[in-house]
Amino acid sequence: MNRIIIALLGALCAGGIAATRDAGHLERSRIEDPLLALGGAISSMALMRAGGVAPILAATATGLIGGLSVRWIKGARDYHGAPIYAGAFVGITSALVLPSFWWVLLAGVVTGFIWSLSRDAWVGIGGKMGTMALISTFAVSLVARSVHQRGPGAHPLEAHSILLAAFLVGGVAAPVTHYLSHQRGWGAVLGSSVPTAAFSLVMALLPASSLPHGNVLSYLWYGSSFVGMTTPERVARSFWAIALTGLLFTWLALRFGPVLSGMGGTAGVVALVSVFTMRGIQSLSRLKRT
């Protein structure tokens, strides 16, 4: 059954990618992008590993600071917030995956270079930043393993006892982010990081006895918010499509996410697959009508 589901999702996702013809091209590297991504990685890693801040809150707090900074600092550009946020995803890689912070910093720089070179690809598709973070983290982890410096791996999240709450969170986070990012004009970084940071802070402050799986719900809000970054031009009937894609993200994250548990950017890849799958479904629907 799993193989059938994977094959079906793969076909729909491939259809969505095929429908996204403006894949872009390699751009010239901007020197500031790797530096900004490195800064994002340092910030979220310091908050998580040294400050004891929950991973999702560490990443979104970094994204929030970065998103506000580029608006307030003279000479900064709005697009500078994206590599900071992408680097923040790298920074929350578990110490059980990459124990040494040097490997995390290297992955942050690599993420910045990838972002800089491919920033014109799939513009407006949610999950792109996280995907770049995961590619970098995974590649660096392979190098670390080759020199026996990779950790044993993180434990997967457990959410079977809170499935209803999980799907509720995933179905709400995506349209909330979409609304703030595009209808309110906050931009993708702030539209994702502000509500996610607020939600994660509430989850962190609640006693574990009242909500033992708050970290799982924070992760699902965080990842579903990447779906909400998708621009209205990318999906028909954007509000409902984004909400349904958030539910699809939740199912995929719970079903397949544990495979790469502990690596920064995992939620972004799942979000990207979810968005392309929805685009594939909508493309197939249009073909049937014609």
# chains A, B, ... in the order shown; residues from 1 in each chain; ligands from 1
call {"tool": "select_by_dssp", "arguments": {"residues": "segment 122-218 of chain A", "states": "alpha helix (DSSP H)", "output": "compact mmCIF listing (two decimals) with C-alpha atoms, in the first residue's frame"}}
result
# COMPACT_ATOMS: atom_id res chain seq x y z
CA LYS A 128 11.87 26.19 -1.31
CA MET A 129 14.04 27.68 1.44
CA GLY A 130 13.68 24.63 3.65
CA THR A 131 14.49 22.33 0.76
CA MET A 132 17.77 24.14 0.19
CA ALA A 133 18.53 23.90 3.90
CA LEU A 134 17.91 20.14 3.90
CA ILE A 135 20.03 19.59 0.78
CA SER A 136 22.92 21.40 2.45
CA THR A 137 22.48 19.70 5.82
CA PHE A 138 22.18 16.25 4.29
CA ALA A 139 25.25 16.77 2.07
CA VAL A 140 27.34 18.05 4.98
CA SER A 141 26.13 15.18 7.20
CA LEU A 142 27.40 12.70 4.60
CA VAL A 143 30.81 14.36 4.71
CA ALA A 144 30.71 14.33 8.52
CA ARG A 145 29.85 10.65 8.52
CA SER A 146 32.77 9.89 6.20
CA LEU A 163 -4.07 13.35 15.34
CA LEU A 164 -7.14 15.62 15.44
CA ALA A 165 -5.15 18.50 16.93
CA ALA A 166 -2.32 17.84 14.47
CA PHE A 167 -4.57 18.15 11.42
CA LEU A 168 -6.33 21.17 12.90
CA VAL A 169 -3.00 22.94 13.35
CA GLY A 170 -1.79 22.00 9.87
CA GLY A 171 -5.04 23.10 8.26
CA VAL A 172 -5.04 26.48 10.03
CA ALA A 173 -1.36 27.47 9.86
CA ALA A 174 -1.12 27.44 6.07
CA PRO A 175 -4.03 29.83 5.31
CA VAL A 176 -3.07 32.12 8.22
CA THR A 177 0.45 32.44 6.81
CA HIS A 178 -0.91 32.89 3.28
CA ALA A 188 6.76 35.41 3.21
CA VAL A 189 9.40 35.52 5.97
CA LEU A 190 7.41 37.59 8.47
CA GLY A 191 4.12 35.96 7.45
CA SER A 192 5.61 32.60 8.44
CA SER A 193 7.85 33.52 11.35
CA VAL A 194 5.58 35.82 13.37
CA PRO A 195 2.57 33.49 13.87
CA THR A 196 4.82 30.44 14.15
CA ALA A 197 6.94 32.09 16.84
CA ALA A 198 3.79 33.11 18.73
CA PHE A 199 2.30 29.62 18.49
CA SER A 200 5.58 27.95 19.49
CA LEU A 201 5.96 30.30 22.45
CA VAL A 202 2.48 29.37 23.69
CA MET A 203 3.29 25.67 23.28
CA ALA A 204 6.57 26.14 25.18
CA LEU A 205 4.89 27.97 28.06
CA GLY A 214 3.39 20.68 22.12
CA ASN A 215 6.68 20.28 20.25
CA VAL A 216 4.95 18.19 17.59
CA LEU A 217 2.20 20.76 17.11
CA SER A 218 4.82 23.53 16.88
call {"tool": "closest_atom_pairs", "arguments": {"of": "segment 187-234 of chain A", "to": "segment 105-125 of chain A", "cutoff": "9 Å", "atoms": "only C-alpha atoms", "output": "JSON lines"}}
result
{"residue": "A:Phe226", "atom": "CA", "partner": "A:Ile125", "partner_atom": "CA", "distance": 8.8}
{"residue": "A:Val227", "atom": "CA", "partner": "A:Ile125", "partner_atom": "CA", "distance": 7.9}
{"residue": "A:Met229", "atom": "CA", "partner": "A:Ile125", "partner_atom": "CA", "distance": 7.1}
{"residue": "A:Thr230", "atom": "CA", "partner": "A:Ile125", "partner_atom": "CA", "distance": 4.7}
{"residue": "A:Thr231", "atom": "CA", "partner": "A:Gly124", "partner_atom": "CA", "distance": 5.0}
{"residue": "A:Pro232", "atom": "CA", "partner": "A:Gly124", "partner_atom": "CA", "distance": 8.4}
{"residue": "A:Glu233", "atom": "CA", "partner": "A:Gly124", "partner_atom": "CA", "distance": 8.0}
{"residue": "A:Arg234", "atom": "CA", "partner": "A:Gly124", "partner_atom": "CA", "distance": 6.9}
call {"tool": "write_last_selection", "arguments": {"atoms": "C-alpha atoms", "output": "CSV table (one decimal), in the first residue's frame"}}
result
chain,number,residue,atom,x,y,z
A,226,PHE,CA,5.8,27.1,4.5
A,227,VAL,CA,2.9,25.9,2.4
A,229,MET,CA,4.2,31.1,1.7
A,230,THR,CA,3.0,30.0,-1.7
A,231,THR,CA,1.8,33.0,-3.8
A,232,PRO,CA,-1.8,33.2,-4.9
A,233,GLU,CA,-0.7,33.0,-8.6
A,234,ARG,CA,0.6,29.5,-8.0
call {"tool": "residues_around", "arguments": {"residues": "segment 81-91 of chain A", "least_positions_apart": "3", "cutoff": "6 Å", "atoms": "only C-alpha atoms", "output": "PDB file with C-alpha atoms, in the first residue's frame"}}
result
ATOM      1  CA  ASP A  33      23.644  35.537   0.705  1.00  0.00           C
ATOM      2  CA  LEU A  36      23.320  36.097   5.771  1.00  0.00           C
ATOM      3  CA  ALA A  37      22.554  32.367   5.793  1.00  0.00           C
ATOM      4  CA  LEU A  38      25.572  31.812   8.039  1.00  0.00           C
ATOM      5  CA  GLY A  40      20.857  32.828  10.461  1.00  0.00           C
ATOM      6  CA  ALA A  41      22.425  29.449  11.229  1.00  0.00           C
ATOM      7  CA  SER A  44      19.176  29.741  15.649  1.00  0.00           C
ATOM      8  CA  MET A  45      21.889  27.271  16.677  1.00  0.00           C
ATOM      9  CA  ALA A  59      14.320  29.260  13.926  1.00  0.00           C
ATOM     10  CA  GLY A  63      13.452  34.671  10.927  1.00  0.00           C
ATOM     11  CA  GLY A  66      15.926  38.943  10.160  1.00  0.00           C
ATOM     12  CA  GLY A  67      12.643  39.910   8.527  1.00  0.00           C
ATOM     13  CA  GLY A 108      24.679  27.339   6.570  1.00  0.00           C
ATOM     14  CA  GLY A 112      23.442  30.571   1.222  1.00  0.00           C
ATOM     15  CA  MET A 129      14.041  27.677   1.436  1.00  0.00           C
ATOM     16  CA  ALA A 133      18.529  23.896   3.899  1.00  0.00           C
ATOM     17  CA  GLY A 264      17.165  21.240   9.430  1.00  0.00           C
ATOM     18  CA  GLY A 265      14.895  21.851   6.446  1.00  0.00           C
TER      19      GLY A 265
END
call {"tool": "closest_residue", "arguments": {"among": "A:Trp103, A:Tyr179, A:Tyr79, A:Trp72", "to": "Trp240 of chain A", "atoms": "only C-alpha atoms"}}
result
A:Tyr179
call {"tool": "atom_distance", "arguments": {"atom1": "atom CA of Tyr222 of chain A", "atom2": "atom CA of Thr93 of chain A"}}
result
14.7 Å
